[in-house]
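Structure file upload_33.csv; described as CSV, C-alpha atoms and all ligand atoms.
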```
chain,number,residue,atom,x,y,z
L,1,MET,CA,-22.9,-22.0,72.7
L,2,THR,CA,-19.7,-22.7,70.6
L,3,THR,CA,-16.4,-22.5,72.5
L,4,LEU,CA,-12.9,-23.0,71.2
L,5,ILE,CA,-11.9,-24.5,74.5
L,6,ASN,CA,-11.0,-28.2,73.7
L,7,ALA,CA,-12.3,-27.6,70.1
L,8,VAL,CA,-10.8,-29.4,67.1
L,9,VAL,CA,-10.5,-26.7,64.4
L,10,LEU,CA,-9.7,-27.1,60.7
L,11,VAL,CA,-8.5,-24.0,58.8
L,12,THR,CA,-8.3,-24.0,55.0
L,13,GLY,CA,-5.6,-21.8,53.4
L,14,ALA,CA,-3.8,-22.0,56.7
L,15,ASN,CA,-0.5,-20.7,55.4
L,16,GLY,CA,-2.0,-17.3,54.3
L,17,GLY,CA,-2.2,-14.0,56.2
L,18,LEU,CA,-5.6,-14.6,57.9
L,19,GLY,CA,-5.1,-18.4,57.9
L,20,GLN,CA,-2.1,-18.3,60.2
L,21,GLN,CA,-4.0,-16.1,62.6
L,22,PHE,CA,-7.0,-18.5,62.6
L,23,VAL,CA,-4.6,-21.3,63.5
L,24,GLN,CA,-2.7,-19.5,66.2
L,25,GLN,CA,-5.6,-17.7,67.8
L,26,ALA,CA,-7.6,-21.0,68.0
L,27,LEU,CA,-4.8,-22.5,70.0
L,28,ASN,CA,-4.6,-19.3,72.2
L,29,ARG,CA,-8.3,-19.7,73.0
L,30,GLY,CA,-7.8,-23.3,74.1
L,31,ALA,CA,-8.4,-25.5,71.1
L,32,ALA,CA,-7.1,-29.0,71.6
L,33,LYS,CA,-6.0,-29.4,68.0
L,34,VAL,CA,-5.9,-27.4,64.8
L,35,TYR,CA,-5.6,-29.0,61.4
L,36,ALA,CA,-3.6,-26.5,59.4
L,37,ALA,CA,-4.9,-27.4,55.9
L,38,ALA,CA,-3.0,-26.1,52.9
L,39,ARG,CA,-2.1,-27.0,49.3
L,40,THR,CA,1.5,-27.2,50.5
L,41,PRO,CA,1.4,-28.1,54.2
L,42,ARG,CA,4.2,-27.0,56.4
L,43,ASP,CA,5.7,-28.0,59.7
L,44,TRP,CA,4.4,-25.7,62.4
L,45,GLY,CA,6.7,-27.0,65.2
L,46,ASN,CA,3.7,-27.5,67.5
L,47,ASP,CA,2.2,-30.8,68.6
L,48,ARG,CA,-1.3,-29.3,68.7
L,49,ILE,CA,-1.1,-28.2,65.0
L,50,VAL,CA,-1.6,-31.0,62.5
L,51,PRO,CA,-0.5,-30.1,58.9
L,52,LEU,CA,-3.0,-31.5,56.3
L,53,GLN,CA,-2.8,-31.5,52.5
L,54,LEU,CA,-5.9,-29.9,51.1
L,55,ASP,CA,-6.8,-28.2,47.8
L,56,VAL,CA,-10.3,-27.0,48.2
L,57,THR,CA,-11.0,-27.2,44.4
L,58,ASP,CA,-10.0,-30.9,44.3
L,59,PRO,CA,-12.9,-33.3,45.3
L,60,THR,CA,-10.5,-36.2,46.1
L,61,SER,CA,-8.4,-33.9,48.3
L,62,VAL,CA,-11.5,-32.7,50.2
L,63,ARG,CA,-12.8,-36.2,50.7
L,64,SER,CA,-9.4,-37.4,51.9
L,65,ALA,CA,-9.2,-34.5,54.4
L,66,ALA,CA,-12.7,-35.2,55.7
L,67,ASP,CA,-11.9,-38.9,56.1
L,68,GLN,CA,-8.7,-38.1,58.1
L,69,ALA,CA,-10.2,-35.4,60.3
L,70,THR,CA,-13.4,-36.9,61.6
L,71,ASP,CA,-12.9,-35.3,65.0
L,72,VAL,CA,-13.3,-31.7,63.6
L,73,THR,CA,-15.7,-29.5,65.6
L,74,VAL,CA,-15.1,-26.1,63.9
L,75,VAL,CA,-14.3,-25.6,60.1
L,76,VAL,CA,-12.9,-22.3,59.0
L,77,ASN,CA,-13.5,-21.9,55.2
L,78,ASN,CA,-10.7,-19.3,54.8
L,79,ALA,CA,-9.0,-20.3,51.5
L,80,GLY,CA,-9.6,-17.8,48.8
L,81,ILE,CA,-8.1,-16.1,45.7
L,82,LEU,CA,-8.5,-12.7,44.1
L,83,ARG,CA,-8.2,-12.1,40.3
L,84,ARG,CA,-8.4,-8.5,39.1
L,85,GLY,CA,-9.6,-8.8,35.5
L,86,SER,CA,-12.9,-7.2,34.4
L,87,LEU,CA,-16.1,-9.3,34.0
L,88,THR,CA,-16.5,-8.1,30.4
L,89,GLU,CA,-13.0,-8.5,29.1
L,90,GLY,CA,-10.9,-10.4,31.7
L,91,PRO,CA,-10.2,-14.1,31.2
L,92,LEU,CA,-13.3,-16.3,31.8
L,93,ALA,CA,-10.9,-18.8,33.4
L,94,ASP,CA,-10.1,-16.4,36.2
L,95,ILE,CA,-13.8,-15.9,36.9
L,96,ARG,CA,-14.4,-19.6,37.0
L,97,GLU,CA,-11.3,-20.2,39.2
L,98,GLN,CA,-12.6,-17.7,41.8
L,99,MET,CA,-16.0,-19.4,41.8
L,100,GLU,CA,-14.3,-22.8,42.2
L,101,THR,CA,-12.2,-21.7,45.1
L,102,ASN,CA,-14.2,-19.0,46.9
L,103,LEU,CA,-17.7,-20.6,46.4
L,104,PHE,CA,-17.6,-24.2,45.5
L,105,GLY,CA,-14.5,-24.9,47.7
L,106,ALA,CA,-16.4,-23.7,50.7
L,107,ILE,CA,-19.6,-25.6,49.7
L,108,HIS,CA,-17.7,-28.8,49.1
L,109,ILE,CA,-15.8,-28.6,52.4
L,110,THR,CA,-19.0,-27.8,54.4
L,111,ARG,CA,-20.8,-30.8,52.7
L,112,ASP,CA,-18.1,-33.3,53.4
L,113,PHE,CA,-17.5,-32.1,57.0
L,114,ALA,CA,-21.2,-31.8,57.8
L,115,PRO,CA,-21.5,-35.3,59.3
L,116,ALA,CA,-18.6,-34.6,61.8
L,117,LEU,CA,-20.0,-31.1,62.6
L,118,LYS,CA,-23.5,-32.5,63.2
L,119,ALA,CA,-22.1,-35.3,65.4
L,120,HIS,CA,-20.2,-32.7,67.5
L,121,GLY,CA,-22.7,-29.8,67.5
L,122,GLY,CA,-20.0,-27.8,65.8
L,123,ALA,CA,-19.6,-24.7,63.7
L,124,VAL,CA,-18.6,-23.4,60.2
L,125,ILE,CA,-17.0,-20.0,59.6
L,126,ASN,CA,-17.1,-18.8,56.0
L,127,VAL,CA,-14.7,-16.0,55.3
L,128,ALA,CA,-16.6,-13.8,52.8
L,129,SER,CA,-15.9,-10.1,52.3
L,130,VAL,CA,-17.3,-6.5,52.2
L,131,LEU,CA,-17.1,-7.2,48.5
L,132,SER,CA,-20.0,-9.7,49.0
L,133,TRP,CA,-22.0,-6.5,49.0
L,134,LEU,CA,-20.0,-4.2,46.7
L,135,ALA,CA,-19.4,-5.1,43.1
L,136,ILE,CA,-16.1,-3.3,42.6
L,137,GLY,CA,-14.3,-6.6,43.0
L,138,LYS,CA,-15.9,-7.8,39.7
L,139,GLY,CA,-15.5,-11.6,39.5
L,140,TYR,CA,-14.3,-11.7,43.0
L,141,SER,CA,-17.4,-9.9,44.2
L,142,VAL,CA,-19.6,-12.4,42.3
L,143,SER,CA,-17.9,-15.3,44.1
L,144,LYS,CA,-18.2,-13.7,47.5
L,145,ALA,CA,-21.8,-12.6,47.0
L,146,ALA,CA,-22.6,-16.2,46.2
L,147,LEU,CA,-20.7,-17.3,49.3
L,148,TRP,CA,-22.9,-14.9,51.3
L,149,ALA,CA,-26.0,-16.6,49.9
L,150,ALA,CA,-24.5,-20.1,50.5
L,151,THR,CA,-23.7,-19.1,54.1
L,152,ASN,CA,-27.3,-18.1,54.8
L,153,ALA,CA,-28.6,-21.3,53.0
L,154,PHE,CA,-26.2,-23.5,55.0
L,155,ARG,CA,-27.3,-21.8,58.2
L,156,LEU,CA,-31.0,-22.6,57.5
L,157,GLU,CA,-30.1,-26.2,56.9
L,158,LEU,CA,-27.6,-26.8,59.7
L,159,ALA,CA,-29.0,-24.7,62.5
L,160,PRO,CA,-31.7,-27.3,63.3
L,161,GLU,CA,-28.9,-29.9,63.5
L,162,GLY,CA,-27.1,-27.8,66.1
L,163,VAL,CA,-24.4,-26.5,63.8
L,164,GLN,CA,-23.6,-22.7,64.0
L,165,VAL,CA,-22.9,-21.1,60.6
L,166,LEU,CA,-21.0,-17.8,60.8
L,167,GLY,CA,-20.4,-15.4,57.9
L,168,ALA,CA,-17.3,-13.2,58.3
L,169,TYR,CA,-17.3,-9.9,56.3
L,170,LEU,CA,-14.2,-7.6,56.2
L,171,ALA,CA,-12.7,-4.9,54.1
L,172,PHE,CA,-9.0,-4.6,53.0
L,173,THR,CA,-6.8,-6.5,55.4
L,174,ASP,CA,-3.0,-6.5,55.4
L,175,THR,CA,-2.2,-9.9,54.0
L,176,PRO,CA,-0.3,-11.2,50.9
L,177,MET,CA,-3.6,-11.0,49.0
L,178,ASN,CA,-3.1,-7.2,48.8
L,179,ASP,CA,0.6,-7.3,48.0
L,180,GLY,CA,1.5,-4.6,45.4
L,181,MET,CA,-1.7,-2.6,46.1
L,182,THR,CA,-1.5,0.9,47.5
L,183,ILE,CA,-4.2,1.0,50.2
L,184,PRO,CA,-4.0,3.7,52.8
L,185,GLU,CA,-5.7,1.9,55.7
L,186,MET,CA,-6.0,-1.8,56.2
L,187,ASN,CA,-7.2,-4.0,59.0
L,188,ARG,CA,-4.7,-6.0,60.9
L,189,PRO,CA,-5.2,-9.8,60.4
L,190,ALA,CA,-4.9,-10.4,64.1
L,191,ASP,CA,-7.7,-7.9,64.9
L,192,VAL,CA,-10.0,-9.4,62.2
L,193,VAL,CA,-9.6,-13.0,63.5
L,194,ASN,CA,-10.0,-11.9,67.1
L,195,GLU,CA,-13.4,-10.3,66.1
L,196,VAL,CA,-14.4,-13.4,64.2
L,197,TYR,CA,-13.6,-15.8,67.0
L,198,ASP,CA,-15.4,-13.4,69.5
L,199,GLY,CA,-18.5,-13.7,67.2
L,200,LEU,CA,-18.1,-17.5,67.0
L,201,GLU,CA,-18.0,-17.8,70.8
L,202,SER,CA,-21.0,-15.5,71.2
L,203,ASP,CA,-23.1,-17.5,68.8
L,204,ALA,CA,-23.4,-14.7,66.2
L,205,HIS,CA,-24.6,-15.3,62.6
L,206,GLU,CA,-22.4,-12.7,61.1
L,207,VAL,CA,-19.3,-10.7,62.0
L,208,LEU,CA,-18.8,-7.3,60.3
L,209,ALA,CA,-15.2,-6.7,61.1
L,210,ASP,CA,-14.8,-3.0,60.4
L,211,GLU,CA,-16.5,0.4,59.9
L,212,THR,CA,-16.3,0.2,56.1
L,213,THR,CA,-18.0,-3.2,56.1
L,214,ARG,CA,-20.8,-2.0,58.4
L,215,THR,CA,-21.4,1.1,56.2
L,216,VAL,CA,-21.6,-0.9,53.0
L,217,ARG,CA,-24.0,-3.4,54.7
L,218,GLU,CA,-26.3,-0.6,55.7
L,219,GLY,CA,-26.2,0.8,52.2
L,220,LEU,CA,-27.7,-2.3,50.7
L,221,SER,CA,-31.2,-1.1,51.5
L,222,SER,CA,-30.6,2.1,49.7
L,223,ASP,CA,-30.8,3.0,46.0
L,224,VAL,CA,-27.9,1.6,44.1
L,225,GLY,CA,-26.6,5.1,43.6
L,226,VAL,CA,-25.7,5.3,47.3
L,227,LEU,CA,-23.2,2.5,47.0
L,228,TYR,CA,-22.1,3.3,43.5
L,229,PRO,CA,-21.8,7.1,43.1
L,230,ALA,CA,-20.6,6.7,39.5
L,231,LEU,CA,-24.1,5.6,38.6
L,232,ARG,CA,-26.0,8.5,40.2
L,233,SER,CA,-26.5,10.6,37.1
L,234,GLU,CA,-27.5,7.5,35.0
L,235,THR,CA,-29.9,6.5,37.8
L,236,THR,CA,-31.5,9.9,37.7
L,237,GLU,CA,-31.7,9.7,33.9
L,238,LEU,CA,-33.4,6.3,34.1
L,239,GLN,CA,-35.9,7.5,36.7
L,240,ARG,CA,-37.1,10.4,34.5
L,301,LIG,N1,-7.0,-9.6,52.6
L,301,LIG,C1,-8.1,-9.0,52.4
L,301,LIG,O1,-8.2,-7.7,52.2
L,301,LIG,C2,-9.4,-9.7,52.5
L,301,LIG,C3,-10.6,-9.0,52.5
L,301,LIG,C4,-11.8,-9.7,52.6
L,301,LIG,C5,-11.8,-11.1,52.6
L,301,LIG,N2,-10.6,-11.8,52.5
L,301,LIG,C6,-10.7,-13.2,52.4
L,301,LIG,O2,-9.9,-13.8,53.5
L,301,LIG,C7,-9.5,-15.1,53.1
L,301,LIG,C8,-8.0,-15.3,53.4
L,301,LIG,O3,-7.3,-14.4,52.5
L,301,LIG,P1,-5.9,-13.7,53.0
L,301,LIG,O4,-6.2,-12.3,52.9
L,301,LIG,O5,-5.4,-14.3,54.2
L,301,LIG,O6,-5.1,-14.0,51.7
L,301,LIG,P2,-3.8,-14.9,51.4
L,301,LIG,O7,-2.7,-14.5,52.4
L,301,LIG,O8,-3.5,-14.8,50.0
L,301,LIG,O9,-4.3,-16.3,51.8
L,301,LIG,C9,-5.2,-17.1,51.0
L,301,LIG,C10,-4.9,-18.6,51.3
L,301,LIG,O10,-5.8,-19.3,50.5
L,301,LIG,C11,-5.1,-20.4,50.0
L,301,LIG,N3,-5.7,-21.0,48.8
L,301,LIG,C12,-5.9,-20.5,47.6
L,301,LIG,N4,-6.5,-21.4,46.8
L,301,LIG,C13,-6.6,-22.5,47.5
L,301,LIG,C14,-7.0,-23.8,47.1
L,301,LIG,N5,-7.5,-24.1,45.9
L,301,LIG,N6,-7.0,-24.8,48.1
L,301,LIG,C15,-6.5,-24.5,49.3
L,301,LIG,N7,-6.0,-23.3,49.7
L,301,LIG,C16,-6.1,-22.3,48.8
L,301,LIG,C17,-3.7,-19.9,49.6
L,301,LIG,O11,-2.8,-21.0,49.6
L,301,LIG,P3,-1.4,-21.0,48.9
L,301,LIG,O12,-0.5,-20.5,50.0
L,301,LIG,O13,-1.3,-22.4,48.5
L,301,LIG,O14,-1.5,-20.1,47.7
L,301,LIG,C18,-3.4,-18.9,50.8
L,301,LIG,O15,-2.8,-19.6,51.8
L,301,LIG,C19,-9.9,-15.3,51.7
L,301,LIG,O16,-11.1,-16.0,51.6
L,301,LIG,C20,-10.1,-13.9,51.2
L,301,LIG,O17,-10.9,-13.8,50.1
L,301,LIG,C21,-9.4,-11.1,52.4
```

So, in terms of structure tokens, how does the structure I just supplied come out?
Amino acid sequence: MTTLINAVVLVTGANGGLGQQFVQQALNRGAAKVYAAARTPRDWGNDRIVPLQLDVTDPTSVRSAADQATDVTVVVNNAGILRRGSLTEGPLADIREQMETNLFGAIHITRDFAPALKAHGGAVINVASVLSWLAIGKGYSVSKAALWAATNAFRLELAPEGVQVLGAYLAFTDTPMNDGMTIPEMNRPADVVNEVYDGLESDAHEVLADETTRTVREGLSSDVGVLYPALRSETTELQR
């Protein structure tokens, strides 16, 4: 059973809205140390928080972080980006950048920290999204759907080694990622992280942090028209 008491936690994207909560709440739950990893690390004014330079898209940076933080028992793959262009006409570079950060970043971190996690019987949390299961996020959805698959594949490989792999799925949450968007109801980052850590400490495989996410997940077994009402008439047309 994973516990955060005396754990050594590494959080990527630690300066972000959810990242700061992952850092603070790990300490509140008794972690001995938290590596607050960021592209631009900052001083947290707390002896138990160790700032660490880490760009998840840079293999040298990931290797260096893994070499410095060999005592890590819990990795939180939280760093992520959102680009809003369409798959058909938006910049291909934006689609690639999301794959590099949201998918390959998490894969790379998990690979390089796997020896430490295996040695400590540790855990990995991958912060995916409700948009892993709903394509309205376009390129972002593609990257998070792939992260869902990677999370499941890592779990199959690492569970026999005593490493817990937890996928976290959530809908709109009130962080800088959604700055400038008009969204009527958003999760509070503190609530999401609390649910994720509850899932971690109860050995869950997945955390579905809100009702929207649970509804979308259930809809996966239905006809595509259930999740995508705009396609309903075309679906009917195709079925004729
Ligand atoms: N907010 C939502 O509605 C929502 C919903 C579902 C899932 N999520 C996921 O939750 C996670 C956290 O996002 P958030 O909502 O807290 O957004 P956020 O406040 O924008 O935080 C994202 C963090 O990721 C960091 N980051 C981006 N690229 C990076 C890279 N190459 N290397 C290292 N760090 C990098 C950013 O660092 P800089 O400060 O250097 O830019 C930032 O601190 C993401 O994976 C996101 O996809 C968010």

Select the residues contacting ligand LIG 301 (chain L) at a distance of at most 9 Å, based on all atoms listed in the file, then format the selection as an mmCIF file with C-alpha atoms, in the frame of the given file.
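New file part.cif:
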```cif
data_model
loop_
_atom_site.group_PDB
_atom_site.id
_atom_site.type_symbol
_atom_site.label_atom_id
_atom_site.label_comp_id
_atom_site.auth_asym_id
_atom_site.auth_seq_id
_atom_site.Cartn_x
_atom_site.Cartn_y
_atom_site.Cartn_z
ATOM 1 C CA THR L 12 -8.300 -24.000 55.000
ATOM 2 C CA GLY L 13 -5.600 -21.800 53.400
ATOM 3 C CA ALA L 14 -3.800 -22.000 56.700
ATOM 4 C CA ASN L 15 -0.500 -20.700 55.400
ATOM 5 C CA GLY L 16 -2.000 -17.300 54.300
ATOM 6 C CA GLY L 17 -2.200 -14.000 56.200
ATOM 7 C CA LEU L 18 -5.600 -14.600 57.900
ATOM 8 C CA GLY L 19 -5.100 -18.400 57.900
ATOM 9 C CA GLN L 20 -2.100 -18.300 60.200
ATOM 10 C CA GLN L 21 -4.000 -16.100 62.600
ATOM 11 C CA ALA L 37 -4.900 -27.400 55.900
ATOM 12 C CA ALA L 38 -3.000 -26.100 52.900
ATOM 13 C CA ARG L 39 -2.100 -27.000 49.300
ATOM 14 C CA THR L 40 1.500 -27.200 50.500
ATOM 15 C CA PRO L 41 1.400 -28.100 54.200
ATOM 16 C CA GLN L 53 -2.800 -31.500 52.500
ATOM 17 C CA LEU L 54 -5.900 -29.900 51.100
ATOM 18 C CA ASP L 55 -6.800 -28.200 47.800
ATOM 19 C CA VAL L 56 -10.300 -27.000 48.200
ATOM 20 C CA THR L 57 -11.000 -27.200 44.400
ATOM 21 C CA ASP L 58 -10.000 -30.900 44.300
ATOM 22 C CA ASN L 77 -13.500 -21.900 55.200
ATOM 23 C CA ASN L 78 -10.700 -19.300 54.800
ATOM 24 C CA ALA L 79 -9.000 -20.300 51.500
ATOM 25 C CA GLY L 80 -9.600 -17.800 48.800
ATOM 26 C CA ILE L 81 -8.100 -16.100 45.700
ATOM 27 C CA LEU L 82 -8.500 -12.700 44.100
ATOM 28 C CA GLU L 97 -11.300 -20.200 39.200
ATOM 29 C CA GLN L 98 -12.600 -17.700 41.800
ATOM 30 C CA GLU L 100 -14.300 -22.800 42.200
ATOM 31 C CA THR L 101 -12.200 -21.700 45.100
ATOM 32 C CA ASN L 102 -14.200 -19.000 46.900
ATOM 33 C CA GLY L 105 -14.500 -24.900 47.700
ATOM 34 C CA ASN L 126 -17.100 -18.800 56.000
ATOM 35 C CA VAL L 127 -14.700 -16.000 55.300
ATOM 36 C CA ALA L 128 -16.600 -13.800 52.800
ATOM 37 C CA SER L 129 -15.900 -10.100 52.300
ATOM 38 C CA VAL L 130 -17.300 -6.500 52.200
ATOM 39 C CA LEU L 131 -17.100 -7.200 48.500
ATOM 40 C CA SER L 132 -20.000 -9.700 49.000
ATOM 41 C CA TYR L 140 -14.300 -11.700 43.000
ATOM 42 C CA LYS L 144 -18.200 -13.700 47.500
ATOM 43 C CA ALA L 168 -17.300 -13.200 58.300
ATOM 44 C CA TYR L 169 -17.300 -9.900 56.300
ATOM 45 C CA LEU L 170 -14.200 -7.600 56.200
ATOM 46 C CA ALA L 171 -12.700 -4.900 54.100
ATOM 47 C CA PHE L 172 -9.000 -4.600 53.000
ATOM 48 C CA THR L 173 -6.800 -6.500 55.400
ATOM 49 C CA ASP L 174 -3.000 -6.500 55.400
ATOM 50 C CA THR L 175 -2.200 -9.900 54.000
ATOM 51 C CA PRO L 176 -0.300 -11.200 50.900
ATOM 52 C CA MET L 177 -3.600 -11.000 49.000
ATOM 53 C CA ASN L 178 -3.100 -7.200 48.800
ATOM 54 C CA ASP L 179 0.600 -7.300 48.000
ATOM 55 C CA MET L 186 -6.000 -1.800 56.200
ATOM 56 C CA ASN L 187 -7.200 -4.000 59.000
ATOM 57 C CA PRO L 189 -5.200 -9.800 60.400
#
```

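As for atom CA of Glu206 of chain L and atom CA of Ala66 of chain L, they are spaced 25.1 Å apart.
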
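Residue nearest Thr73 of chain L within the list L:Gly180, L:Gly137, L:Pro115, L:Gly225: L:Pro115 [criterion: smallest interatomic distance, all atoms listed in the file].
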
**Atomic distance atom CA of Ala65 of chain L - atom CA of Ile5 of chain L, expressed in Å with one decimal** =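 Separation of atom CA of Ala65 of chain L and atom CA of Ile5 of chain L: 22.6 Å.
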
**Complete:** re atom CA of Gln25 of chain L and atom CA of Leu4 of chain L: distance 9.6 Å

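Nearest-residue note for Ala26 of chain L: choosing from L:Ala114, L:Leu147, L:Val76, L:Leu52, the minimum distance belongs to L:Val76, counting all atoms listed in the file.
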
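With all atoms listed in the file as the basis for measurement, L:His205 is the residue among L:His205, L:Val62, L:Leu200, L:Glu185 that approaches Leu156 of chain L most closely.
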
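The shortest atom-to-atom distance to Leu134 of chain L, with all atoms listed in the file taken into account, belongs to L:Gly219 out of L:Pro59, L:Gly45, L:Gly30, L:Gly219.
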